[in-house]
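What follows is the content of structure-v9.csv (CSV, C-alpha atoms and all ligand atoms).
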```csv
chain,number,residue,atom,x,y,z
F,1,MET,CA,103.7,132.1,112.4
F,2,ASN,CA,104.2,128.4,113.1
F,3,ASN,CA,106.9,126.6,111.3
F,4,PHE,CA,105.8,122.9,111.5
F,5,ILE,CA,109.3,121.6,110.9
F,6,ASP,CA,111.4,123.8,113.3
F,7,ASP,CA,108.8,123.9,116.0
F,8,PHE,CA,108.6,120.2,116.2
F,9,ARG,CA,112.4,119.8,116.2
F,10,ASN,CA,113.0,122.3,119.0
F,11,SER,CA,116.1,121.1,120.8
F,12,GLU,CA,115.3,122.5,124.2
F,13,ILE,CA,111.9,120.8,124.3
F,14,ALA,CA,113.5,117.7,122.9
F,15,ARG,CA,116.0,117.5,125.7
F,16,LYS,CA,113.2,117.9,128.3
F,17,MET,CA,111.2,115.2,126.6
F,18,GLY,CA,114.3,113.0,126.3
F,19,SER,CA,114.9,113.2,130.0
F,20,MET,CA,111.2,112.4,130.7
F,21,LEU,CA,111.5,109.3,128.6
F,22,SER,CA,114.8,108.3,130.2
F,23,SER,CA,113.4,108.7,133.7
F,24,TYR,CA,110.4,106.5,133.0
F,25,ARG,CA,109.7,104.2,136.0
F,26,GLY,CA,106.4,102.7,135.1
F,27,ARG,CA,105.6,99.1,134.4
F,28,PRO,CA,107.3,97.5,131.3
F,29,VAL,CA,105.3,98.3,128.2
F,30,THR,CA,105.5,97.2,124.6
F,31,ILE,CA,104.5,99.7,122.0
F,32,MET,CA,104.2,98.9,118.3
F,33,GLU,CA,104.9,101.6,115.8
F,34,VAL,CA,102.6,100.5,113.1
F,35,CYS,CA,104.1,102.4,110.2
F,36,GLY,CA,107.4,102.3,108.5
F,37,THR,CA,107.7,106.1,108.4
F,38,HIS,CA,107.6,106.1,112.2
F,39,THR,CA,110.2,103.3,112.2
F,40,MET,CA,112.5,105.5,110.2
F,41,ALA,CA,111.8,108.6,112.2
F,42,ILE,CA,112.5,106.8,115.4
F,43,PHE,CA,115.9,105.6,114.1
F,44,ARG,CA,116.8,108.9,112.4
F,45,TYR,CA,116.2,111.0,115.5
F,46,GLY,CA,117.9,108.6,117.8
F,47,ILE,CA,114.8,108.1,119.9
F,48,ARG,CA,115.5,104.4,120.6
F,49,ALA,CA,118.7,105.4,122.3
F,50,LEU,CA,116.7,107.5,124.8
F,51,LEU,CA,114.3,104.7,125.8
F,52,PRO,CA,114.6,103.2,129.2
F,53,ASP,CA,114.4,99.4,129.6
F,54,GLY,CA,110.8,99.7,130.6
F,55,ILE,CA,109.7,100.9,127.2
F,56,ARG,CA,110.1,98.5,124.3
F,57,LEU,CA,109.3,99.6,120.8
F,58,ILE,CA,108.5,97.0,118.1
F,59,SER,CA,108.0,97.6,114.5
F,60,GLY,CA,104.8,96.6,112.8
F,61,PRO,CA,103.6,95.8,109.2
F,62,GLY,CA,103.0,99.3,108.0
F,63,CYS,CA,105.5,99.4,105.1
F,64,PRO,CA,103.4,98.7,102.0
F,65,VAL,CA,106.3,97.4,99.9
F,66,CYS,CA,107.4,95.1,102.7
F,67,VAL,CA,104.0,93.4,103.0
F,68,THR,CA,103.5,93.0,99.2
F,69,PRO,CA,103.5,89.2,98.6
F,70,SER,CA,106.0,87.5,96.4
F,71,TYR,CA,103.4,86.4,93.9
F,72,TYR,CA,102.7,90.1,93.2
F,73,VAL,CA,106.3,90.7,92.4
F,74,HIS,CA,106.3,87.7,90.2
F,75,ALA,CA,103.2,88.9,88.3
F,76,ALA,CA,104.9,92.4,87.8
F,77,VAL,CA,108.1,90.9,86.6
F,78,THR,CA,106.2,88.6,84.2
F,79,LEU,CA,104.1,91.5,82.8
F,80,SER,CA,107.2,93.6,82.3
F,81,GLN,CA,108.5,91.1,79.8
F,82,ARG,CA,105.6,91.6,77.4
F,83,ASP,CA,106.4,93.8,74.4
F,84,ASP,CA,103.0,95.4,74.5
F,85,VAL,CA,103.3,96.6,78.1
F,86,ILE,CA,104.9,99.6,79.8
F,87,ILE,CA,105.2,99.2,83.6
F,88,THR,CA,105.0,102.4,85.7
F,89,THR,CA,105.9,102.2,89.4
F,90,PHE,CA,107.1,104.0,92.5
F,91,GLY,CA,110.9,103.5,92.8
F,92,ASP,CA,110.9,101.3,95.8
F,93,MET,CA,109.3,98.4,94.0
F,94,MET,CA,112.2,98.2,91.6
F,95,ARG,CA,114.6,96.2,93.8
F,96,ILE,CA,112.3,93.6,95.3
F,97,PRO,CA,113.4,90.2,93.9
F,98,ALA,CA,110.7,87.7,93.0
F,99,THR,CA,111.2,84.4,94.7
F,100,ALA,CA,112.1,81.3,92.6
F,101,GLY,CA,110.4,78.0,93.3
F,102,ASP,CA,113.3,76.8,95.4
F,103,GLY,CA,113.2,79.9,97.6
F,104,SER,CA,116.3,81.5,95.9
F,105,ARG,CA,116.4,85.1,94.7
F,106,GLY,CA,114.7,85.6,91.4
F,107,GLU,CA,114.4,88.5,89.0
F,108,SER,CA,113.4,92.0,90.0
F,109,LEU,CA,112.0,94.9,87.9
F,110,LEU,CA,115.5,96.5,88.1
F,111,SER,CA,117.1,93.4,86.5
F,112,ARG,CA,114.3,93.4,83.8
F,113,LYS,CA,114.9,97.1,83.1
F,114,ALA,CA,118.6,96.4,82.7
F,115,GLN,CA,117.6,93.7,80.1
F,116,GLY,CA,115.6,96.3,78.1
F,117,ASN,CA,112.0,96.0,79.3
F,118,ASP,CA,110.1,99.2,79.4
F,119,ILE,CA,109.7,100.0,83.2
F,120,ARG,CA,109.4,103.6,84.2
F,121,ILE,CA,109.6,105.2,87.7
F,122,VAL,CA,106.8,107.7,88.3
F,123,TYR,CA,106.2,110.1,91.2
F,124,SER,CA,102.4,109.8,91.0
F,125,PRO,CA,100.1,107.4,89.3
F,126,LEU,CA,98.7,110.4,87.4
F,127,ASP,CA,102.0,110.5,85.5
F,128,SER,CA,101.1,107.2,84.0
F,129,LEU,CA,98.1,108.7,82.3
F,130,LYS,CA,100.4,110.9,80.2
F,131,ILE,CA,102.4,107.9,79.3
F,132,ALA,CA,99.3,106.0,78.3
F,133,ALA,CA,98.1,108.9,76.1
F,134,GLU,CA,101.5,109.1,74.4
F,135,ASN,CA,101.6,105.4,73.8
F,136,PRO,CA,98.2,104.3,72.4
F,137,GLY,CA,99.7,101.1,71.0
F,138,LYS,CA,100.9,99.9,74.5
F,139,LYS,CA,99.2,98.9,77.7
F,140,VAL,CA,100.4,101.0,80.6
F,141,VAL,CA,100.2,99.2,84.0
F,142,PHE,CA,100.7,101.1,87.2
F,143,LEU,CA,101.9,98.9,90.1
F,144,SER,CA,99.4,99.9,92.7
F,145,VAL,CA,101.0,99.3,96.1
F,146,GLY,CA,100.2,101.3,99.2
F,147,PHE,CA,97.9,101.9,102.2
F,148,GLU,CA,95.1,104.5,102.5
F,149,THR,CA,97.6,107.3,102.1
F,150,THR,CA,98.2,106.6,98.4
F,151,VAL,CA,95.0,104.9,97.4
F,152,PRO,CA,92.9,108.0,96.8
F,153,VAL,CA,95.3,109.4,94.2
F,154,ILE,CA,95.4,105.9,92.6
F,155,ALA,CA,91.6,105.9,92.5
F,156,LEU,CA,91.7,109.4,91.0
F,157,SER,CA,94.0,108.1,88.2
F,158,VAL,CA,91.5,105.4,87.4
F,159,LEU,CA,88.6,107.9,87.3
F,160,LYS,CA,90.6,110.2,85.1
F,161,ALA,CA,91.6,107.4,82.7
F,162,ASN,CA,88.0,106.3,82.5
F,163,GLU,CA,86.8,109.9,81.8
F,164,ALA,CA,89.5,110.4,79.1
F,165,GLY,CA,88.8,107.0,77.4
F,166,LEU,CA,92.4,105.8,78.2
F,167,ASP,CA,91.4,102.1,78.0
F,168,ASN,CA,95.1,101.2,77.8
F,169,PHE,CA,95.7,102.2,81.4
F,170,SER,CA,95.2,99.8,84.3
F,171,VAL,CA,96.4,99.3,87.8
F,172,LEU,CA,97.7,96.1,89.4
F,173,SER,CA,96.4,96.5,92.9
F,174,ALA,CA,98.1,95.1,96.0
F,175,ASN,CA,96.6,97.9,98.0
F,176,LYS,CA,95.9,97.2,101.6
F,177,THR,CA,94.1,98.9,104.5
F,178,VAL,CA,95.5,99.1,108.0
F,179,PRO,CA,92.6,98.6,110.5
F,180,GLU,CA,91.9,94.9,109.6
F,181,ALA,CA,95.6,94.0,110.1
F,182,LEU,CA,95.6,95.6,113.5
F,183,LYS,CA,92.8,93.3,114.6
F,184,VAL,CA,95.0,90.3,113.7
F,185,LEU,CA,98.0,91.7,115.5
F,186,SER,CA,95.9,92.6,118.6
F,187,VAL,CA,94.9,89.0,119.3
F,188,ASP,CA,98.4,87.5,118.8
F,189,SER,CA,99.5,86.9,122.4
F,190,GLU,CA,103.1,86.2,121.3
F,191,ILE,CA,103.4,89.8,120.2
F,192,GLY,CA,101.8,91.2,123.4
F,193,VAL,CA,101.2,94.8,122.2
F,194,ASP,CA,100.3,97.1,125.1
F,195,GLY,CA,99.7,100.2,122.9
F,196,TYR,CA,99.8,101.3,119.3
F,197,LEU,CA,101.6,104.3,117.8
F,198,TYR,CA,99.2,105.0,114.9
F,199,PRO,CA,100.4,106.4,111.5
F,200,GLY,CA,99.7,110.1,111.0
F,201,HIS,CA,99.4,110.0,107.2
F,202,VAL,CA,97.0,107.0,107.0
F,203,SER,CA,95.0,108.6,109.8
F,204,ALA,CA,94.8,111.8,107.8
F,205,ILE,CA,92.7,109.9,105.3
F,206,ILE,CA,90.7,107.4,107.5
F,207,GLY,CA,90.4,109.6,110.6
F,208,THR,CA,90.8,108.4,114.2
F,209,GLY,CA,87.4,106.8,114.6
F,210,PHE,CA,88.6,103.5,113.0
F,211,TYR,CA,90.9,102.8,116.0
F,212,ASP,CA,88.1,103.0,118.6
F,213,GLU,CA,87.3,99.3,117.9
F,214,ILE,CA,90.9,98.3,118.7
F,215,ALA,CA,90.6,100.1,122.1
F,216,GLU,CA,87.1,98.9,122.9
F,217,ARG,CA,87.3,95.3,121.6
F,218,TYR,CA,90.9,94.4,122.4
F,219,GLY,CA,91.6,96.8,125.3
F,220,ILE,CA,94.6,98.3,123.6
F,221,PRO,CA,95.1,102.1,123.7
F,222,GLY,CA,96.7,104.0,120.9
F,223,ILE,CA,97.8,107.4,119.8
F,224,VAL,CA,98.0,109.0,116.4
F,225,ALA,CA,101.4,110.7,115.9
F,226,GLY,CA,103.2,112.9,113.5
F,227,PHE,CA,106.7,112.2,112.3
F,228,GLU,CA,108.9,114.9,113.8
F,229,PRO,CA,111.0,114.1,116.8
F,230,LEU,CA,108.8,116.0,119.3
F,231,ASP,CA,105.7,114.3,117.8
F,232,VAL,CA,107.1,110.9,118.4
F,233,MET,CA,108.5,111.5,121.9
F,234,HIS,CA,105.4,113.2,123.0
F,235,ALA,CA,103.3,110.3,121.7
F,236,ILE,CA,105.4,107.7,123.4
F,237,ILE,CA,105.3,109.5,126.8
F,238,SER,CA,101.5,109.9,126.6
F,239,LEU,CA,100.9,106.4,125.5
F,240,ALA,CA,103.1,104.9,128.2
F,241,SER,CA,101.3,107.0,130.7
F,242,ASN,CA,97.9,105.8,129.5
F,243,ILE,CA,98.9,102.2,129.5
F,244,ASN,CA,100.1,102.5,133.1
F,245,ASN,CA,96.9,104.3,134.2
F,246,LYS,CA,94.8,101.7,132.3
F,247,LYS,CA,93.3,104.5,130.3
F,248,ILE,CA,92.1,102.6,127.2
F,249,VAL,CA,91.6,105.5,124.8
F,250,VAL,CA,92.7,106.6,121.3
F,251,GLU,CA,94.4,110.0,121.4
F,252,ASN,CA,95.3,112.3,118.6
F,253,GLN,CA,98.7,113.9,119.0
F,254,TYR,CA,98.8,114.9,115.3
F,255,CYS,CA,95.7,117.1,115.5
F,256,ARG,CA,97.3,119.7,113.2
F,257,VAL,CA,96.7,117.3,110.4
F,258,VAL,CA,94.4,114.5,111.5
F,259,THR,CA,90.7,114.7,112.4
F,260,ARG,CA,88.3,112.1,113.7
F,261,GLU,CA,86.4,111.9,110.4
F,262,GLY,CA,89.5,111.9,108.1
F,263,ASN,CA,89.3,113.2,104.6
F,264,PRO,CA,85.8,112.6,103.2
F,265,VAL,CA,86.7,113.6,99.6
F,266,ALA,CA,89.6,111.2,99.5
F,267,LEU,CA,87.5,108.4,101.1
F,268,GLU,CA,84.8,109.0,98.5
F,269,LYS,CA,87.2,108.6,95.6
F,270,MET,CA,88.7,105.5,97.2
F,271,ASN,CA,85.3,103.9,97.7
F,272,GLU,CA,84.1,104.8,94.2
F,273,VAL,CA,86.9,102.8,92.6
F,274,PHE,CA,87.9,100.1,95.1
F,275,GLU,CA,86.1,97.6,97.3
F,276,ALA,CA,87.4,95.4,100.1
F,277,ARG,CA,88.7,91.9,99.5
F,278,ASP,CA,90.8,89.4,101.4
F,279,ALA,CA,94.5,90.0,100.9
F,280,VAL,CA,97.7,88.2,101.5
F,281,TRP,CA,100.3,90.1,103.5
F,282,ARG,CA,103.9,88.9,103.0
F,283,GLY,CA,104.9,86.7,105.9
F,284,ILE,CA,101.7,87.2,107.7
F,285,GLY,CA,99.2,85.4,105.5
F,286,CYS,CA,95.7,86.2,104.4
F,287,ILE,CA,93.8,88.8,106.4
F,288,PRO,CA,90.1,88.9,105.6
F,289,GLY,CA,88.9,92.2,104.2
F,290,SER,CA,92.3,93.9,104.4
F,291,GLY,CA,92.9,94.4,100.6
F,292,LEU,CA,91.4,96.6,97.9
F,293,GLN,CA,90.3,95.5,94.4
F,294,VAL,CA,89.1,97.6,91.6
F,295,ARG,CA,85.3,97.4,91.4
F,296,ASP,CA,83.7,95.6,88.4
F,297,LYS,CA,82.5,98.9,86.9
F,298,TYR,CA,86.1,99.9,86.3
F,299,SER,CA,87.3,96.4,85.3
F,300,LYS,CA,89.0,97.6,82.1
F,301,HIS,CA,91.4,99.4,84.4
F,302,ASP,CA,92.0,96.3,86.6
F,303,ALA,CA,95.3,94.7,85.4
F,304,TRP,CA,94.5,91.4,87.2
F,305,LYS,CA,91.5,91.1,84.9
F,306,VAL,CA,92.9,92.7,81.8
F,307,PHE,CA,95.8,90.2,81.7
F,308,ASP,CA,93.9,87.3,83.5
F,309,LEU,CA,96.6,87.0,86.1
F,310,ARG,CA,96.4,84.6,89.1
F,311,GLN,CA,96.8,85.6,92.7
F,312,GLU,CA,98.1,82.7,94.6
F,313,ALA,CA,100.4,82.6,97.6
F,314,GLY,CA,104.0,81.9,96.5
F,315,ASN,CA,107.3,81.0,98.1
F,316,GLU,CA,109.0,83.2,100.6
F,317,PRO,CA,112.8,83.7,100.2
F,318,LYS,CA,114.7,80.9,102.0
F,319,GLY,CA,116.0,82.0,105.4
F,320,CYS,CA,114.2,85.3,105.4
F,321,LEU,CA,112.4,86.3,108.6
F,322,CYS,CA,110.4,89.2,107.1
F,323,GLY,CA,107.1,87.6,108.4
F,324,GLU,CA,108.3,87.5,112.0
F,325,VAL,CA,109.9,91.0,111.7
F,326,LEU,CA,106.6,92.4,110.3
F,327,LYS,CA,104.7,91.0,113.2
F,328,GLY,CA,107.2,92.5,115.7
F,329,LYS,CA,108.1,89.0,117.0
F,330,ARG,CA,111.8,89.2,115.8
F,331,THR,CA,114.2,91.9,115.0
F,332,PRO,CA,116.3,92.0,111.8
F,333,LYS,CA,119.4,91.1,113.7
F,334,ASP,CA,117.8,87.7,114.5
F,335,CYS,CA,117.9,86.9,110.8
F,336,GLY,CA,121.0,85.0,109.7
F,337,LEU,CA,121.1,86.8,106.3
F,338,PHE,CA,121.0,90.3,107.8
F,339,GLY,CA,123.9,92.4,106.6
F,340,LYS,CA,125.5,89.4,104.9
F,341,ALA,CA,123.5,87.8,102.0
F,342,CYS,CA,120.9,90.5,102.5
F,343,THR,CA,121.8,94.3,102.2
F,344,PRO,CA,120.0,97.3,100.7
F,345,GLU,CA,122.2,96.9,97.6
F,346,ASN,CA,121.4,93.2,97.3
F,347,PRO,CA,118.2,92.6,99.2
F,348,VAL,CA,116.7,89.1,99.8
F,349,GLY,CA,113.5,90.1,101.5
F,350,SER,CA,111.2,93.0,101.0
F,351,CYS,CA,111.9,94.5,104.5
F,352,MET,CA,115.4,95.4,103.3
F,353,VAL,CA,114.2,97.0,100.1
F,354,SER,CA,112.0,99.9,101.0
F,355,SER,CA,113.4,103.0,102.7
F,356,GLU,CA,110.6,102.3,105.3
F,357,GLY,CA,111.5,98.7,105.8
F,358,THR,CA,112.5,97.6,109.3
F,359,CYS,CA,115.6,95.7,108.1
F,360,ALA,CA,116.7,98.7,105.9
F,361,ALA,CA,116.3,101.0,109.0
F,362,TYR,CA,118.3,98.6,111.2
F,363,TYR,CA,121.0,98.3,108.5
F,364,LYS,CA,121.2,102.1,108.0
F,365,TYR,CA,121.2,103.1,111.7
F,366,GLY,CA,122.9,100.1,113.3
F,367,GLY,CA,119.8,99.1,115.3
F,368,ILE,CA,120.1,102.0,117.8
R,1,LIG,S1,117.5,90.8,106.8
R,1,LIG,FE1,116.8,90.4,104.7
R,1,LIG,S2,116.4,88.2,104.6
R,1,LIG,FE2,116.5,88.8,106.8
R,1,LIG,S3,114.4,89.3,107.4
R,1,LIG,FE3,115.3,91.2,106.7
R,1,LIG,S4,114.7,91.3,104.5
R,1,LIG,FE4,114.4,89.1,105.2
```
Could you quickly redo this structure as structure tokens?
Amino acid sequence: MNNFIDDFRNSEIARKMGSMLSSYRGRPVTIMEVCGTHTMAIFRYGIRALLPDGIRLISGPGCPVCVTPSYYVHAAVTLSQRDDVIITTFGDMMRIPATAGDGSRGESLLSRKAQGNDIRIVYSPLDSLKIAAENPGKKVVFLSVGFETTVPVIALSVLKANEAGLDNFSVLSANKTVPEALKVLSVDSEIGVDGYLYPGHVSAIIGTGFYDEIAERYGIPGIVAGFEPLDVMHAIISLASNINNKKIVVENQYCRVVTREGNPVALEKMNEVFEARDAVWRGIGCIPGSGLQVRDKYSKHDAWKVFDLRQEAGNEPKGCLCGEVLKGKRTPKDCGLFGKACTPENPVGSCMVSSEGTCAAYYKYGGI
């Protein structure tokens, strides 16, 4: 019987793939790993250390916490100070500081929690429904941050709240979708991506068909990959070979999980609750059609509307290069604050906060 962990960490095969990578003699190629989970996997398994000079990996904007704009953090911190509100959130949102008007570090949810505001870490948005049921006199707001991987379960929480009459539950959506962002990155000649390493978990929801447009319209091949070391090494070898052979295709290395159609049930829930809108990506700017907002029919569960909050671009932290890092144009080590004023314990920018953030990965693994 297959063991999907051990099989994809087989050391003998890994050694062979490692020597295939090291002996690469093709033309220089730049591959963007779109997603933060790949960034961490590549560092954790030492894959960067195996790469020859001819294969350059750059990190993309696929860490949802990293691309959440500062105005969202400001809105969450402001909401958390209301006596009638309980904030529920995934843990990695806790440490992002809001940015003050002069670009200095502002408050975070962690600092507000230390000051007594009711902010609770949950493992699923569905946990928030129980909190809403137990606290009918309070408004429970889930900080809804994430890509297609997490959106279906957030949509499910809205549907369940609606069915159960939990009108005191709402979500503050900063949810985003990956394909529109890829179109923006694909036309940026400064980045010069030759191929994409596509995220396995997002692709499990949306399928691989979405990426055909990137290959056909922009001439950039890609491969969907899993997160074990053999997955990533195999994907890099295949993609580099396709780039060299001018084979502009989208391959699916992660076929044990991902299909061309994706997950129709998850997509149905997502589309029932959310609709596309323009969205601001931290450091990148507004990308048309790349965000998700709660549809009008569920507006009583839309915290932006319930609390009449404004969504306006705010300041970026002074000196922070997150925007350039998220576009793959700079590495964290180019930032003057890296490892000095900005560390995982005391982050300045969002890329140092999340465990999937590029700056956090560089800090943890020393950039190799
Ligand atoms: S090291 Fe910190 S300040 Fe610099 S780019 Fe990364 S998150 Fe921003």
With a distance cut-off of 10 Å and all atoms listed in the file, select the neighbouring residues of Ala14 (chain F), excluding the residue or stretch itself and same-chain residues fewer than 3 positions from it, and output the selection as a PyMOL selection string. chain F and resi 8-11+17-20+229-231+233-234
Within-10 Å shell of (113.6, 99.8, 83.3) in input frame, only C-alpha atoms, as a VMD selection string: chain F and resid 80 86 to 88 94 109 to 121
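Within the 12 Å cut-off around Arg217 (chain F), using all atoms listed in the file and omitting residues fewer than 6 positions from it on the same chain, the listed residues are Leu182, Lys183, Ser186, Val187, Phe210, Tyr211, Ile248 and Val249 of chain F.
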Can you write out the residues you just picked, keeping C-alpha atoms, as a PDB file, keeping the file's coordinate frame?
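File written: result-v4.pdb
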```pdb
ATOM      1  CA  LEU F 182      95.600  95.600 113.500  1.00  0.00           C
ATOM      2  CA  LYS F 183      92.800  93.300 114.600  1.00  0.00           C
ATOM      3  CA  SER F 186      95.900  92.600 118.600  1.00  0.00           C
ATOM      4  CA  VAL F 187      94.900  89.000 119.300  1.00  0.00           C
ATOM      5  CA  PHE F 210      88.600 103.500 113.000  1.00  0.00           C
ATOM      6  CA  TYR F 211      90.900 102.800 116.000  1.00  0.00           C
ATOM      7  CA  ILE F 248      92.100 102.600 127.200  1.00  0.00           C
ATOM      8  CA  VAL F 249      91.600 105.500 124.800  1.00  0.00           C
TER       9      VAL F 249
END
```
For the interface of chain F with ligand LIG 1 (chain R) (cut-off 6 Å, counting only C-alpha atoms and all ligand atoms), please tabulate each contacting residue of chain F alongside its nearest pair of atoms and their separation in Å to one decimal, rows sorted by chain and increasing number, as a Markdown table.
```
| residue | atom | partner | partner_atom | distance |
| --- | --- | --- | --- | --- |
| F:Cys320 | CA | R:LIG1 | S2 | 3.7 |
| F:Leu321 | CA | R:LIG1 | S3 | 3.8 |
| F:Cys322 | CA | R:LIG1 | S3 | 4.0 |
| F:Pro332 | CA | R:LIG1 | FE3 | 5.3 |
| F:Cys335 | CA | R:LIG1 | FE2 | 4.6 |
| F:Leu337 | CA | R:LIG1 | FE2 | 5.0 |
| F:Phe338 | CA | R:LIG1 | S1 | 3.7 |
| F:Cys342 | CA | R:LIG1 | FE1 | 4.7 |
| F:Val348 | CA | R:LIG1 | S2 | 4.9 |
| F:Gly349 | CA | R:LIG1 | S4 | 3.4 |
| F:Ser350 | CA | R:LIG1 | S4 | 5.2 |
| F:Cys351 | CA | R:LIG1 | S4 | 4.3 |
| F:Met352 | CA | R:LIG1 | S4 | 4.3 |
| F:Cys359 | CA | R:LIG1 | FE3 | 4.7 |
```
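When CA of Arg48 (chain F) is paired with CA of Ile96 (chain F), their separation reads 27.7 Å.
Distances to Arg295 (chain F) were evaluated for F:Phe307, F:Thr68, F:Val258, F:Ala155 using all atoms listed in the file, and the minimum falls at F:Ala155.
Taking all atoms listed in the file into account, Ile42 (chain F) lies nearest to F:Ala225 out of the set F:Ile284, F:Val158, F:Ala225, F:Val257.
Remark: for Ala204 (chain F), the closest of the candidate residues F:Asn263, F:Gln81, F:Gln311, F:Asn168 is F:Asn263 (distances computed over only C-alpha atoms).
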Using all atoms listed in the file, give me every residue within 12 Å of (94.8, 107.4, 90.0) in file coordinates, as a PyMOL selection string. chain F and resi 123-130+141-145+150-163+169-173+266+269-270+272-274+294+301-302
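Between Glu316 (chain F) and the residues F:Ile13, F:Ala41, F:Val67, F:Cys35, the shortest atom-to-atom distance, using all atoms listed in the file, involves F:Val67.
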Closest of F:Met32, F:Met40, F:Ile5, F:Cys66 to Val353 (chain F), counting only C-alpha atoms, is F:Cys66
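If you look at CA of Tyr196 (chain F) and CA of Gly319 (chain F), they are 28.8 Å away from each other.
For the choices F:Arg277, F:Lys340, F:Arg282, F:Arg310, the atom-to-atom distance to Pro61 (chain F) is smallest for F:Arg282 when using all atoms listed in the file.
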Close residues, Ser290 (chain F) itself excluded, 8 Å, all atoms listed in the file, min 6 positions apart in chain, as JSON, numbers by chain: {"F": [176, 177, 178, 179, 180, 181, 276, 277, 278, 279]}
